[in-house]
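> Below you'll find structure30.txt; it's compact mmCIF, C-alpha atoms.
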# COMPACT_ATOMS: atom_id res chain seq x y z
CA MET W 3 -0.03 -19.43 -16.92
CA LYS W 4 0.59 -19.36 -20.66
CA LEU W 5 2.29 -16.14 -21.79
CA THR W 6 3.49 -14.73 -25.07
CA ARG W 7 5.17 -11.75 -23.38
CA PRO W 8 6.65 -11.28 -19.93
CA LEU W 9 4.12 -10.17 -17.32
CA VAL W 10 5.18 -7.86 -14.49
CA ILE W 11 2.93 -7.77 -11.43
CA LEU W 12 3.38 -4.34 -9.87
CA ASP W 13 2.52 -2.91 -6.48
CA LEU W 14 3.41 0.46 -4.93
CA GLU W 15 3.25 1.69 -1.36
CA THR W 16 2.97 5.46 -1.32
CA THR W 17 2.69 8.48 0.96
CA GLY W 18 -0.97 8.82 -0.04
CA VAL W 19 -3.42 8.47 -2.89
CA TRP W 20 -3.06 11.83 -4.65
CA ILE W 21 -1.59 10.72 -7.97
CA GLU W 22 -0.33 14.18 -8.89
CA LYS W 23 1.66 14.73 -5.69
CA ASP W 24 2.16 11.65 -3.51
CA ARG W 25 5.38 9.68 -3.62
CA ILE W 26 6.47 6.05 -3.71
CA ILE W 27 7.91 4.63 -0.48
CA GLU W 28 8.17 1.02 -1.64
CA ILE W 29 7.97 -0.74 -4.98
CA GLY W 30 7.59 -4.48 -5.51
CA MET W 31 7.51 -6.29 -8.87
CA ILE W 32 7.37 -9.91 -9.95
CA LYS W 33 8.18 -10.74 -13.57
CA VAL W 34 6.66 -13.96 -14.90
CA LEU W 35 8.52 -15.19 -17.99
CA PRO W 36 6.94 -16.93 -21.02
CA GLU W 37 9.47 -19.76 -20.84
CA GLY W 38 8.70 -20.29 -17.15
CA GLY W 39 10.33 -18.93 -14.04
CA GLN W 40 10.11 -15.61 -12.27
CA GLU W 41 12.28 -12.61 -11.45
CA GLY W 42 11.78 -10.13 -8.65
CA TYR W 43 12.56 -6.49 -7.93
CA SER W 44 11.79 -4.65 -4.71
CA THR W 45 13.14 -1.68 -2.85
CA ARG W 46 12.17 0.97 -0.35
CA VAL W 47 12.21 4.51 -1.73
CA ASN W 48 12.94 7.80 0.01
CA PRO W 49 9.95 10.02 -0.85
CA GLY W 50 11.67 13.25 0.19
CA MET W 51 8.76 14.10 2.49
CA PRO W 52 7.40 12.88 5.83
CA ILE W 53 5.33 9.70 5.70
CA PRO W 54 1.86 10.48 7.13
CA GLU W 55 0.88 8.67 10.31
CA VAL W 56 -2.03 6.86 8.67
CA VAL W 57 0.36 5.46 6.03
CA ARG W 58 2.86 4.39 8.70
CA GLU W 59 0.08 2.50 10.48
CA LEU W 60 -1.13 0.91 7.25
CA THR W 61 2.22 -0.12 5.76
CA GLY W 62 4.52 -0.36 8.77
CA ILE W 63 7.00 1.85 6.89
CA SER W 64 8.35 4.83 8.84
CA ASP W 65 10.55 7.79 7.98
CA ALA W 66 13.48 5.95 9.59
CA ASP W 67 12.89 2.97 7.30
CA VAL W 68 13.38 5.06 4.16
CA LYS W 69 15.94 7.55 5.47
CA ASP W 70 18.83 5.81 3.69
CA ALA W 71 16.79 4.44 0.77
CA PRO W 72 17.37 5.82 -2.75
CA VAL W 73 15.13 8.51 -4.16
CA PHE W 74 13.06 7.40 -7.13
CA SER W 75 15.17 9.19 -9.74
CA ARG W 76 18.12 6.97 -8.77
CA ILE W 77 16.25 3.71 -9.27
CA ALA W 78 14.12 4.86 -12.21
CA PRO W 79 16.44 3.38 -14.89
CA ALA W 80 16.45 -0.01 -13.14
CA VAL W 81 12.64 0.03 -12.74
CA LEU W 82 12.22 0.94 -16.41
CA ALA W 83 14.59 -1.83 -17.47
CA PHE W 84 12.67 -4.38 -15.38
CA LEU W 85 9.42 -3.34 -17.09
CA GLU W 86 10.93 -3.37 -20.57
CA GLY W 87 8.88 -5.40 -23.06
CA ALA W 88 6.43 -6.65 -20.46
CA ASP W 89 2.70 -6.44 -20.00
CA ILE W 90 1.60 -5.28 -16.55
CA GLY W 91 -0.70 -6.68 -13.89
CA GLY W 92 -1.77 -5.57 -10.44
CA PHE W 93 -4.70 -4.80 -8.14
CA ASN W 94 -6.18 -1.37 -8.95
CA VAL W 95 -3.03 -0.86 -11.01
CA GLU W 96 -4.86 0.84 -13.89
CA ARG W 97 -6.37 3.64 -11.82
CA PHE W 98 -3.61 4.14 -9.26
CA ASP W 99 -0.22 2.41 -9.46
CA LEU W 100 0.47 3.01 -13.15
CA PRO W 101 -0.59 6.69 -13.28
CA LEU W 102 1.42 7.46 -10.13
CA LEU W 103 4.45 5.52 -11.42
CA ALA W 104 4.25 7.38 -14.74
CA ARG W 105 4.21 10.69 -12.85
CA GLU W 106 7.27 9.65 -10.82
CA PHE W 107 9.07 8.78 -14.06
CA SER W 108 8.06 12.16 -15.51
CA ASP W 109 9.38 13.97 -12.42
CA ALA W 110 12.66 12.09 -12.93
CA GLY W 111 12.79 13.25 -16.55
CA ILE W 112 12.30 9.74 -17.95
CA PRO W 113 9.46 8.98 -20.39
CA PHE W 114 7.31 5.97 -19.51
CA GLU W 115 4.52 4.87 -21.81
CA TYR W 116 2.22 1.99 -20.97
CA ALA W 117 -0.68 2.60 -23.36
CA ASN W 118 0.77 0.06 -25.81
CA ARG W 119 0.98 -2.67 -23.14
CA THR W 120 -1.78 -4.97 -22.04
CA VAL W 121 -2.81 -4.22 -18.47
CA TYR W 122 -4.41 -6.97 -16.38
CA ASP W 123 -6.12 -5.32 -13.42
CA ALA W 124 -7.24 -7.99 -10.95
CA GLN W 125 -9.48 -5.54 -9.10
CA LYS W 126 -11.39 -4.58 -12.23
CA ILE W 127 -11.86 -8.22 -13.21
CA TYR W 128 -12.95 -9.05 -9.65
CA HIS W 129 -15.56 -6.28 -9.53
CA LEU W 130 -16.90 -7.19 -12.96
CA HIS W 131 -17.42 -10.86 -12.13
CA GLU W 132 -18.24 -10.99 -8.41
CA ARG W 133 -21.44 -9.22 -7.44
CA ARG W 134 -21.44 -6.89 -4.46
CA ASP W 135 -25.14 -6.06 -4.27
CA LEU W 136 -27.78 -6.82 -1.63
CA SER W 137 -28.59 -10.24 -3.09
CA ALA W 138 -24.92 -11.24 -2.94
CA ALA W 139 -24.61 -10.01 0.66
CA TYR W 140 -27.75 -11.92 1.63
CA ALA W 141 -26.39 -15.12 0.08
CA PHE W 142 -23.02 -14.61 1.80
CA TYR W 143 -24.34 -13.90 5.31
CA CYS W 144 -27.66 -15.74 5.38
CA HIS W 145 -26.93 -18.60 2.98
CA GLN W 146 -30.22 -18.09 1.18
CA GLU W 147 -31.41 -16.71 -2.13
CA LEU W 148 -33.10 -13.33 -1.81
CA LYS W 149 -36.68 -13.71 -3.04
CA GLY W 150 -38.37 -10.58 -4.36
CA ALA W 151 -35.20 -8.51 -4.73
CA HIS W 152 -35.86 -4.84 -5.47
CA GLY W 153 -39.13 -4.97 -3.63
CA ALA W 154 -38.85 -2.44 -0.81
CA THR W 155 -40.09 -4.69 1.98
CA ALA W 156 -38.09 -7.71 0.83
CA ASP W 157 -34.94 -5.62 0.60
CA ALA W 158 -35.54 -4.10 4.05
CA GLU W 159 -36.08 -7.55 5.57
CA ALA W 160 -32.92 -8.85 3.91
CA THR W 161 -30.91 -5.90 5.19
CA LEU W 162 -32.15 -6.53 8.73
CA ALA W 163 -31.10 -10.16 8.47
CA ILE W 164 -27.67 -9.15 7.17
CA LEU W 165 -27.14 -6.68 10.03
CA GLN W 166 -28.11 -9.37 12.55
CA GLU W 167 -25.56 -11.76 11.05
CA GLN W 168 -22.89 -9.06 10.95
CA LEU W 169 -23.58 -8.33 14.60
CA LYS W 170 -22.93 -11.98 15.43
CA ARG W 171 -19.72 -12.11 13.41
CA TYR W 172 -18.03 -8.79 13.94
CA ALA W 173 -19.31 -6.86 16.96
CA SER W 174 -17.74 -7.13 20.40
CA SER W 175 -21.20 -7.63 21.87
CA ARG W 176 -23.40 -10.01 19.91
CA ASP W 177 -26.69 -8.44 20.95
CA ASP W 178 -25.88 -4.72 21.00
CA ILE W 179 -26.40 -3.01 17.63
CA GLU W 180 -24.02 -0.22 18.68
CA GLY W 181 -21.25 -2.77 18.34
CA LEU W 182 -21.42 -2.14 14.59
CA LYS W 183 -20.67 1.56 14.99
CA ASP W 184 -16.97 0.68 15.04
CA PHE W 185 -17.24 -0.21 11.35
CA ASP W 186 -18.10 3.27 10.12
CA TYR W 187 -15.76 3.48 7.14
CA LYS W 188 -14.91 7.09 6.40
CA GLN W 189 -12.58 8.94 4.10
CA LEU W 190 -9.13 9.48 5.60
CA GLY W 191 -9.63 13.24 5.63
CA GLU W 192 -7.76 14.01 2.40
CA PHE W 193 -10.30 16.72 1.52
CA PHE W 194 -11.24 19.80 3.49
CA ASP W 195 -14.76 20.07 2.06
CA ASN W 196 -17.51 17.74 0.91
CA GLU W 197 -17.26 19.05 -2.66
CA ARG W 198 -13.58 17.99 -2.75
CA LYS W 199 -12.41 21.34 -4.09
CA PHE W 200 -9.74 21.78 -1.42
CA ARG W 201 -7.36 18.97 -0.54
CA TRP W 202 -4.80 18.37 2.19
CA TRP W 203 -1.32 17.26 1.20
CA ASN W 204 1.80 17.23 3.36
CA GLY W 205 0.18 19.53 5.92
CA ASP W 206 -0.99 22.16 3.42
CA LEU W 207 -4.27 22.88 1.66
CA TYR W 208 -4.38 22.90 -2.14
CA MET W 209 -7.07 23.76 -4.64
CA THR W 210 -8.24 21.03 -6.99
CA PHE W 211 -9.70 23.50 -9.50
CA GLY W 212 -8.75 26.71 -11.31
CA LYS W 213 -5.39 28.02 -12.42
CA TYR W 214 -3.65 26.99 -9.19
CA ALA W 215 -5.13 23.48 -9.16
CA LYS W 216 -2.72 21.02 -7.48
CA LYS W 217 0.17 23.46 -7.93
CA GLU W 218 0.73 25.63 -4.86
CA PRO W 219 -0.67 25.62 -1.31
CA LEU W 220 -3.21 28.23 -0.33
CA ARG W 221 -0.77 29.94 2.05
CA VAL W 222 1.52 30.67 -0.91
CA ILE W 223 -1.36 31.86 -3.10
CA ALA W 224 -2.48 34.19 -0.28
CA LYS W 225 0.87 35.98 -0.51
CA LYS W 226 1.40 36.06 -4.28
CA ASP W 227 -2.20 36.43 -5.51
CA PRO W 228 -4.58 37.29 -2.64
CA GLN W 229 -7.18 38.62 -5.09
CA TYR W 230 -7.69 35.10 -6.37
CA LEU W 231 -8.66 33.88 -2.91
CA GLU W 232 -10.82 36.95 -2.34
CA TRP W 233 -12.74 35.93 -5.47
CA ILE W 234 -13.76 32.75 -3.68
CA LEU W 235 -15.44 34.82 -0.97
CA GLN W 236 -17.83 36.27 -3.57
CA LYS W 237 -18.80 32.95 -5.11
CA ASP W 238 -21.06 30.04 -4.19
CA PHE W 239 -18.84 28.24 -1.68
CA SER W 240 -19.83 26.93 1.73
CA ASP W 241 -19.44 29.07 4.84
CA GLU W 242 -16.83 26.57 6.03
CA VAL W 243 -14.71 27.19 2.93
CA LYS W 244 -15.15 30.96 3.09
CA ASN W 245 -14.16 31.05 6.76
CA MET W 246 -11.09 28.98 5.95
CA VAL W 247 -10.10 31.34 3.11
CA GLN W 248 -10.60 34.39 5.32
CA ASP W 249 -8.34 32.84 7.96
CA ILE W 250 -5.61 32.12 5.40
CA LEU W 251 -5.81 35.66 4.03
CA ALA W 252 -5.37 36.86 7.62
CA GLY W 253 -2.28 34.69 8.03
CA GLN W 254 -3.96 31.98 10.08
CA HIS W 255 -3.46 28.58 8.50
CA PRO W 256 -5.87 25.75 9.34
CA LYS W 257 -4.56 22.48 10.67
CA LYS W 258 -5.68 19.12 9.36
What's the structure tokens form of this structure?


Amino acid sequence: MKLTRPLVILDLETTGVWIEKDRIIEIGMIKVLPEGGQEGYSTRVNPGMPIPEVVRELTGISDADVKDAPVFSRIAPAVLAFLEGADIGGFNVERFDLPLLAREFSDAGIPFEYANRTVYDAQKIYHLHERRDLSAAYAFYCHQELKGAHGATADAEATLAILQEQLKRYASSRDDIEGLKDFDYKQLGEFFDNERKFRWWNGDLYMTFGKYAKKEPLRVIAKKDPQYLEWILQKDFSDEVKNMVQDILAGQHPKK
């Protein structure tokens, strides 16, 4: 790899995917030098909040693992020094890792600017160059070129063939279509509603809109500014949302 500037490959493990609020629990960086050779930096980080169960299952990092780890503000100068003068690479780093890292630096009172660096996002490059449409799936599973793509019948036939191949590869029973029901990928329940206007974080519900967006949980707003929540009851929100707001105003807080 020919470089004119150092390149730091960055990856974060975090308590979740809400850039404005979630915290780093592990940071790993590899610096590739123009003259050859590499340097590494990695550490666990105490997020100052419980690690959600889904994150523990995904990363293998528990509250006990980070109990004695430094908080981010303690390691921020060392992280900044490691990144000094380097371009940055990663997988989905442009949309997630870098914005969340910049917010952590901001919370620590340290400015971090990456707009003047070149960012090499492997995920973006991957998605731009490797197709993920029906024709690509048909070629991958059925080892054939899809003739007549974007014709309704041809596409339906191709999809049937793909499902049959997926059944053979992935399902516990190779002839029972219900074996594919296990692969129903769903959101991890970060949002209360389908419109994503109310979001769970650390056991509390937050608004993602309006003057209290991402700032304070609804239970706090209900005490300091109940009229604001009562306004929601008069507007075009779902019955589910209105029932939730009524419960919070009555002192009953929903559980995730």

> Please provide the set of residues having any atom within 9 Å of stretch 142-148 of chain W, restricted to only C-alpha atoms, with same-chain residues fewer than 6 positions apart removed, written as a PyMOL selection string.

chain W and resi 136+156-157+160+163-164+167-168

> Show which residues sit within 9 Å of W:Leu231, as a PyMOL selection string. Count all atoms listed in the file, and ignore same-chain residues fewer than 3 positions away.

chain W and resi 220+223-224+227-228+234-235+247-248+251

> Fewer than 3 positions away in the same chain doesn't count, so skip those; otherwise give me all residues within 10 Å of stretch 91-104 of chain W, counting all atoms listed in the file, as a PyMOL selection string.

chain W and resi 9-16+19-26+29+31-33+74+78+81+88+107-110+112-116+120-128

> Using Å and a single decimal, report how far atom CA of W:Val56 sits from atom CA of W:Ile179.

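Spanning atom CA of W:Ile179 to atom CA of W:Val56 is a straight-line distance of 27.8 Å.
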
> Restrict the calculation to only C-alpha atoms, then for each residue of stretch 38-140 of chain W with any atom at most 12 Å from an atom of stretch 190-199 of chain W give the closest atom pair and their distance in Å to one decimal, rows by chain and rising residue number, as a tab-separated table.


residue	atom	partner	partner_atom	distance
W:Pro54	CA	W:Leu190	CA	11.1
W:Glu55	CA	W:Leu190	CA	11.1
W:Val56	CA	W:Leu190	CA	8.2
W:Val57	CA	W:Leu190	CA	10.3
W:Leu60	CA	W:Leu190	CA	11.8

> Output C-alpha atoms for every residue in that selection, as a PDB file, in the frame of the given file.


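Result file is selection_18.pdb:
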ATOM      1  CA  PRO W  54       1.860  10.480   7.130  1.00  0.00           C
ATOM      2  CA  GLU W  55       0.880   8.670  10.310  1.00  0.00           C
ATOM      3  CA  VAL W  56      -2.030   6.860   8.670  1.00  0.00           C
ATOM      4  CA  VAL W  57       0.360   5.460   6.030  1.00  0.00           C
ATOM      5  CA  LEU W  60      -1.130   0.910   7.250  1.00  0.00           C
TER       6      LEU W  60
END

> May I ask for the distance between atom CA of W:Arg133 and atom CA of W:Ala173, given in Å to one decimal place?

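Pair atom CA of W:Arg133 / atom CA of W:Ala173 returns 24.6 Å.
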
> Would you mind writing stretch 144-179 of chain W with N, CA and C atoms, as a compact mmCIF listing (two decimals), keeping the file's coordinate frame?


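Just written: selection06.txt:
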# COMPACT_ATOMS: atom_id res chain seq x y z
N CYS W 144 -26.48 -14.98 4.94
CA CYS W 144 -27.66 -15.74 5.38
C CYS W 144 -27.81 -17.08 4.67
N HIS W 145 -26.95 -17.31 3.68
CA HIS W 145 -26.93 -18.60 2.98
C HIS W 145 -28.28 -18.94 2.35
N GLN W 146 -28.93 -17.90 1.84
CA GLN W 146 -30.22 -18.09 1.18
C GLN W 146 -30.28 -17.18 -0.05
N GLU W 147 -31.16 -17.57 -0.97
CA GLU W 147 -31.41 -16.71 -2.13
C GLU W 147 -32.44 -15.66 -1.73
N LEU W 148 -32.18 -14.42 -2.14
CA LEU W 148 -33.10 -13.33 -1.81
C LEU W 148 -34.28 -13.37 -2.78
N LYS W 149 -35.45 -13.69 -2.24
CA LYS W 149 -36.68 -13.71 -3.04
C LYS W 149 -37.27 -12.30 -3.07
N GLY W 150 -37.72 -11.88 -4.24
CA GLY W 150 -38.37 -10.58 -4.36
C GLY W 150 -37.42 -9.41 -4.27
N ALA W 151 -36.18 -9.61 -4.75
CA ALA W 151 -35.20 -8.51 -4.73
C ALA W 151 -35.75 -7.30 -5.46
N HIS W 152 -35.42 -6.14 -4.95
CA HIS W 152 -35.86 -4.84 -5.47
C HIS W 152 -37.30 -4.53 -5.12
N GLY W 153 -37.91 -5.37 -4.30
CA GLY W 153 -39.13 -4.97 -3.63
C GLY W 153 -38.73 -4.34 -2.31
N ALA W 154 -39.32 -3.21 -1.95
CA ALA W 154 -38.85 -2.44 -0.81
C ALA W 154 -38.88 -3.24 0.48
N THR W 155 -39.98 -3.95 0.72
CA THR W 155 -40.09 -4.69 1.98
C THR W 155 -39.12 -5.86 2.01
N ALA W 156 -39.02 -6.58 0.89
CA ALA W 156 -38.09 -7.71 0.83
C ALA W 156 -36.66 -7.25 1.04
N ASP W 157 -36.29 -6.14 0.44
CA ASP W 157 -34.94 -5.62 0.60
C ASP W 157 -34.69 -5.17 2.03
N ALA W 158 -35.69 -4.54 2.65
CA ALA W 158 -35.54 -4.10 4.05
C ALA W 158 -35.38 -5.30 4.97
N GLU W 159 -36.18 -6.35 4.74
CA GLU W 159 -36.08 -7.55 5.57
C GLU W 159 -34.72 -8.22 5.40
N ALA W 160 -34.23 -8.26 4.17
CA ALA W 160 -32.92 -8.85 3.91
C ALA W 160 -31.82 -8.06 4.59
N THR W 161 -31.92 -6.74 4.55
CA THR W 161 -30.91 -5.90 5.19
C THR W 161 -30.89 -6.12 6.69
N LEU W 162 -32.08 -6.24 7.29
CA LEU W 162 -32.15 -6.53 8.73
C LEU W 162 -31.47 -7.84 9.04
N ALA W 163 -31.72 -8.85 8.23
CA ALA W 163 -31.10 -10.16 8.47
C ALA W 163 -29.58 -10.08 8.33
N ILE W 164 -29.11 -9.31 7.37
CA ILE W 164 -27.67 -9.15 7.17
C ILE W 164 -27.04 -8.46 8.38
N LEU W 165 -27.68 -7.38 8.86
CA LEU W 165 -27.14 -6.68 10.03
C LEU W 165 -27.09 -7.60 11.25
N GLN W 166 -28.11 -8.44 11.41
CA GLN W 166 -28.11 -9.37 12.55
C GLN W 166 -26.95 -10.36 12.44
N GLU W 167 -26.68 -10.85 11.24
CA GLU W 167 -25.56 -11.76 11.05
C GLU W 167 -24.22 -11.06 11.24
N GLN W 168 -24.13 -9.82 10.77
CA GLN W 168 -22.89 -9.06 10.95
C GLN W 168 -22.64 -8.79 12.43
N LEU W 169 -23.71 -8.54 13.16
CA LEU W 169 -23.58 -8.33 14.60
C LEU W 169 -22.99 -9.57 15.28
N LYS W 170 -23.45 -10.74 14.86
CA LYS W 170 -22.93 -11.98 15.43
C LYS W 170 -21.46 -12.18 15.10
N ARG W 171 -21.07 -11.83 13.88
CA ARG W 171 -19.72 -12.11 13.41
C ARG W 171 -18.67 -11.10 13.88
N TYR W 172 -19.05 -9.83 13.85
CA TYR W 172 -18.03 -8.79 13.94
C TYR W 172 -18.05 -7.96 15.22
N ALA W 173 -19.21 -7.79 15.83
CA ALA W 173 -19.31 -6.86 16.96
C ALA W 173 -18.77 -7.49 18.24
N SER W 174 -18.27 -6.64 19.12
CA SER W 174 -17.74 -7.13 20.40
C SER W 174 -18.85 -7.69 21.28
N SER W 175 -20.04 -7.10 21.16
CA SER W 175 -21.20 -7.63 21.87
C SER W 175 -22.20 -8.13 20.84
N ARG W 176 -22.60 -9.38 20.96
CA ARG W 176 -23.40 -10.01 19.91
C ARG W 176 -24.86 -9.61 19.94
N ASP W 177 -25.28 -8.82 20.92
CA ASP W 177 -26.69 -8.44 20.95
C ASP W 177 -26.88 -6.93 21.03
N ASP W 178 -25.79 -6.17 20.90
CA ASP W 178 -25.88 -4.72 21.00
C ASP W 178 -25.56 -4.13 19.63
N ILE W 179 -26.56 -3.53 18.99
CA ILE W 179 -26.40 -3.01 17.63
C ILE W 179 -25.30 -1.95 17.57
